[in-house]
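Engineer: For reference, the file input_23.txt (compact mmCIF, C-alpha atoms) is included below:
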# COMPACT_ATOMS: atom_id res chain seq x y z
CA MET S 21 50.31 -66.66 -1.50
CA SER S 22 47.81 -68.72 0.53
CA VAL S 23 44.24 -67.63 -0.06
CA SER S 24 41.32 -68.17 2.27
CA LEU S 25 37.56 -67.79 2.12
CA ARG S 26 36.57 -66.04 5.31
CA LEU S 27 34.22 -63.56 6.92
CA SER S 28 34.97 -59.83 7.08
CA ARG S 29 32.94 -58.00 9.71
CA GLY S 30 31.01 -54.87 9.03
CA GLY S 31 27.98 -53.19 10.55
CA SER S 32 27.69 -51.16 13.71
CA LYS S 33 28.21 -52.12 17.32
CA LYS S 34 26.06 -55.13 18.32
CA ARG S 35 24.60 -55.25 14.77
CA PRO S 36 27.09 -57.42 12.86
CA TYR S 37 27.02 -57.91 9.13
CA TYR S 38 29.61 -60.04 7.37
CA LYS S 39 31.00 -60.22 3.83
CA VAL S 40 32.25 -63.59 2.62
CA VAL S 41 35.54 -62.63 1.02
CA VAL S 42 38.54 -64.19 -0.68
CA ALA S 43 41.64 -62.76 0.98
CA ASN S 44 45.30 -63.36 1.55
CA SER S 45 45.46 -65.43 4.74
CA ARG S 46 48.02 -62.99 6.21
CA SER S 47 45.91 -59.86 5.73
CA PRO S 48 43.84 -58.53 8.68
CA ARG S 49 40.27 -59.71 9.19
CA ASP S 50 38.67 -56.52 7.93
CA GLY S 51 41.60 -55.53 5.72
CA ALA S 52 42.13 -55.77 1.99
CA TYR S 53 40.58 -58.68 0.12
CA LEU S 54 40.71 -60.01 -3.43
CA GLU S 55 37.01 -60.48 -4.06
CA GLN S 56 33.70 -60.47 -2.23
CA VAL S 57 31.82 -63.71 -2.95
CA GLY S 58 28.85 -63.41 -0.59
CA THR S 59 27.23 -61.97 2.52
CA TYR S 60 26.09 -63.28 5.89
CA ASN S 61 23.61 -61.48 8.14
CA PRO S 62 23.34 -63.30 11.50
CA LEU S 63 20.50 -61.04 12.66
CA LEU S 64 18.07 -62.60 10.19
CA ALA S 65 16.13 -65.76 11.03
CA LYS S 66 17.88 -69.05 10.33
CA ASP S 67 15.36 -70.01 7.67
CA ASP S 68 15.55 -66.64 5.88
CA ALA S 69 16.91 -66.87 2.31
CA ASN S 70 18.89 -63.62 2.70
CA ARG S 71 20.78 -64.78 5.80
CA VAL S 72 23.56 -66.33 3.70
CA ARG S 73 24.00 -65.29 0.06
CA LEU S 74 26.85 -66.74 -1.99
CA VAL S 75 27.96 -66.26 -5.60
CA GLU S 76 28.26 -69.99 -6.23
CA ASP S 77 30.32 -69.99 -9.43
CA ARG S 78 32.97 -67.64 -7.94
CA VAL S 79 33.15 -69.69 -4.75
CA ARG S 80 33.67 -72.85 -6.80
CA TYR S 81 36.38 -71.10 -8.83
CA TRP S 82 38.32 -69.99 -5.75
CA LEU S 83 37.98 -73.43 -4.17
CA GLY S 84 39.26 -74.89 -7.46
CA VAL S 85 42.40 -72.76 -7.36
CA GLY S 86 43.16 -73.76 -3.77
CA ALA S 87 41.45 -71.27 -1.47
CA GLN S 88 40.86 -72.74 2.01
CA PRO S 89 37.59 -71.84 3.77
CA THR S 90 37.54 -71.08 7.48
CA ASP S 91 35.44 -73.37 9.65
CA ARG S 92 32.43 -71.04 9.70
CA VAL S 93 32.53 -70.48 5.93
CA ALA S 94 32.98 -74.24 5.40
CA ARG S 95 29.76 -74.79 7.37
CA MET S 96 27.96 -72.30 5.12
CA LEU S 97 29.33 -73.95 1.99
CA ASP S 98 28.26 -77.37 3.25
CA LYS S 99 24.75 -76.11 3.96
CA ALA S 100 24.58 -74.53 0.49
CA GLY S 101 25.77 -77.81 -1.08
CA ILE S 102 28.92 -76.30 -2.59
CA LYS S 103 31.59 -78.16 -0.64
CA GLU S 104 31.07 -81.13 1.65
CA ARG S 105 32.50 -80.79 5.13
CA ALA S 106 33.43 -83.67 7.40
CA ALA S 107 31.63 -83.39 10.70
CA SER S 108 33.99 -82.88 13.60
CA VAL S 109 33.36 -84.91 16.73
CA ASN S 110 34.40 -83.51 20.08
CA PRO S 111 32.86 -85.59 22.86
CA ASN S 112 34.46 -83.41 25.55
CA LYS S 113 32.92 -80.17 24.28
CA GLY S 114 29.66 -80.53 26.18
CA GLU S 115 31.32 -81.93 29.29
CA PRO S 116 31.23 -79.59 32.28
CA GLY S 117 34.44 -78.17 33.72
CA LYS S 118 36.26 -79.27 36.86
CA LYS S 119 34.56 -76.80 39.22
CA ALA S 120 31.11 -77.56 37.80
CA LYS S 121 31.70 -81.28 38.38
CA GLU S 122 32.73 -80.58 41.98
CA ARG S 123 29.58 -78.49 42.55
CA ALA S 124 27.42 -81.24 41.06
CA GLU S 125 29.04 -83.84 43.33
CA ASP S 126 28.51 -81.63 46.40
CA ARG S 127 24.89 -81.05 45.41
CA ALA S 128 24.33 -84.79 44.92
CA LYS S 129 25.95 -85.51 48.30
CA LYS S 130 23.70 -82.94 50.05
CA ILE S 131 20.61 -84.38 48.37
CA ALA S 132 21.60 -87.91 49.43
CA GLU S 133 22.18 -86.73 53.01
CA ALA S 134 18.82 -84.94 53.05
CA GLU S 135 17.05 -88.04 51.75
CA GLU S 136 18.80 -90.18 54.37
CA ALA S 137 17.80 -87.75 57.15
CA LYS S 138 14.23 -87.72 55.85
CA ARG S 139 14.17 -91.52 55.75
CA GLU S 140 15.53 -91.70 59.33
CA ALA S 141 12.94 -89.14 60.48
CA GLU S 142 10.16 -91.17 58.88
CA GLU S 143 11.46 -94.35 60.54
CA ALA S 144 11.67 -92.55 63.89
CA ALA S 145 8.14 -91.19 63.43
CA ALA S 146 6.88 -94.67 62.56
CA ALA S 147 8.67 -96.11 65.60
CA ALA S 148 7.28 -93.33 67.80
CA ALA S 149 3.79 -93.97 66.45
CA ALA S 150 4.14 -97.70 67.21
CA ALA S 151 5.72 -97.12 70.65
CA PRO S 152 2.82 -95.17 72.27
CA ALA S 153 0.39 -97.87 71.18
CA ALA S 154 2.62 -100.46 72.85
CA GLU S 155 3.01 -98.28 75.96
CA VAL S 156 -0.72 -97.68 76.31
CA ALA S 157 -1.46 -101.36 76.71
CA PRO S 158 1.11 -101.97 79.50
CA ALA S 159 -0.01 -98.79 81.24
CA ALA S 160 -3.55 -100.15 81.27
CA GLU S 161 -2.27 -103.38 82.79
CA GLU S 162 -0.21 -101.44 85.35
CA ALA S 163 -3.14 -99.32 86.45
CA PRO S 164 -5.11 -102.24 87.97
CA ALA S 165 -1.93 -103.41 89.64
CA GLU S 166 -1.48 -99.98 91.18
CA GLU S 167 -5.10 -99.99 92.31
CA ALA S 168 -4.60 -103.42 93.82
CA ALA S 169 -1.50 -102.16 95.63
CA ALA S 170 -3.43 -99.16 96.89
CA GLU S 171 -6.26 -101.42 98.14
CA GLN S 172 -3.80 -103.64 99.97
CA ALA S 173 -2.21 -100.61 101.62
CA GLU S 174 -5.62 -99.44 102.81
CA GLY S 175 -6.84 -102.77 103.93
Output the file's structure as structure tokens, nothing else.

Structural biologist:
Amino acid sequence: MSVSLRLSRGGSKKRPYYKVVVANSRSPRDGAYLEQVGTYNPLLAKDDANRVRLVEDRVRYWLGVGAQPTDRVARMLDKAGIKERAASVNPNKGEPGKKAKERAEDRAKKIAEAEEAKREAEEAAAAAAAAPAAEVAPAAEEAPAEEAAAEQAEG
């Protein structure tokens, strides 16, 4: 019989409360168990002493006779200093999914296009600001020429 240290859920709807139990690995989650070796109340603050309570000597006994803790219970045992747990590394866990990557690329493309359009508008505005100044001077030179042409036509 393979034995595991796992959580058995209790409590009402949306108010979970767990027992840390030693059970046959084939029995249902909330089914029969061999012994209760602790409790876990996730509603309490993380630094609260009553959040996780374990009967350390019984946990050590069951680990000594070959009981395998589930991942969540192994984390609790590691935090309590009962059994060391190797940290698992999953570099892809925090990576966004395929669709999220596509949306991010589209967003980056739109931002780049908007910045390019803004830059072109600024350049056009700067060119337009420089162009009237250049046009004013030739217009001033043309005006006397027009006056001279008008005088010649009259005279």

Engineer: Using only C-alpha atoms, which of S:Ala69, S:Ala134, S:Lys34, S:Leu27 sits nearest S:Glu55?

Structural biologist: S:Leu27

Engineer: Which is closest to S:Leu64 among S:Gly30, S:Pro116, S:Pro36, S:Pro48, if we use all atoms listed in the file?

Structural biologist: S:Pro36

Engineer: Using atom CA of S:Tyr60 and atom CA of S:Lys113 as the two end points, give the distance in Å to one decimal.

Structural biologist: 25.9 Å

Engineer: Can you pull out every residue within 8 Å of S:Val41, counting all atoms listed in the file, but drop anything in the same chain fewer than 3 positions away, and send it as a PyMOL selection string?

Structural biologist: chain S and resi 25-28+53-58

Engineer: What lies within 9 Å of S:Arg46 using all atoms listed in the file, ignoring chain neighbours under 6 positions off, as a compact mmCIF listing (two decimals) with C-alpha atoms, in the coordinates of the input?

Structural biologist:
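This is the output file around-v8.txt:
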# COMPACT_ATOMS: atom_id res chain seq x y z
CA MET S 21 50.31 -66.66 -1.50
CA SER S 22 47.81 -68.72 0.53
CA VAL S 23 44.24 -67.63 -0.06

Engineer: For S:Met96, list every protein, DNA or RNA residue within 12 Å, evaluated using only C-alpha atoms, and leave out those in the same chain fewer than 6 positions away; present the list as a PyMOL selection string.

Structural biologist: chain S and resi 25-27+40+58-60+62+66+71-74+76+79+89-90+102-105

Engineer: Nearest to S:Trp82 among S:Glu136, S:Asp98, S:Val42, S:Ala141, with distances taken over only C-alpha atoms: which residue is it?

Structural biologist: S:Val42

Engineer: So the first atom is atom CA of S:Gly51 and the second is atom CA of S:Asp68; what is the distance between them in Å, to one decimal place?

Structural biologist: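 Atom-to-atom, atom CA of S:Gly51 and atom CA of S:Asp68 are spaced 28.3 Å apart.
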
Engineer: Could you state the separation of atom CA of S:Leu63 and atom CA of S:Gly31 in Å, given to one decimal place?

Structural biologist: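 It comes out at 11.0 Å.
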
Engineer: Excluding stretch 107-109 of chain S and any residue of its chain fewer than 6 positions from it, enumerate the residues within 12 Å of it, using all atoms listed in the file, and give them as a CSV table (one decimal) with C-alpha atoms, keeping the file's coordinate frame.

Structural biologist:
chain,number,residue,atom,x,y,z
S,91,ASP,CA,35.4,-73.4,9.6
S,94,ALA,CA,33.0,-74.2,5.4
S,95,ARG,CA,29.8,-74.8,7.4
S,98,ASP,CA,28.3,-77.4,3.2
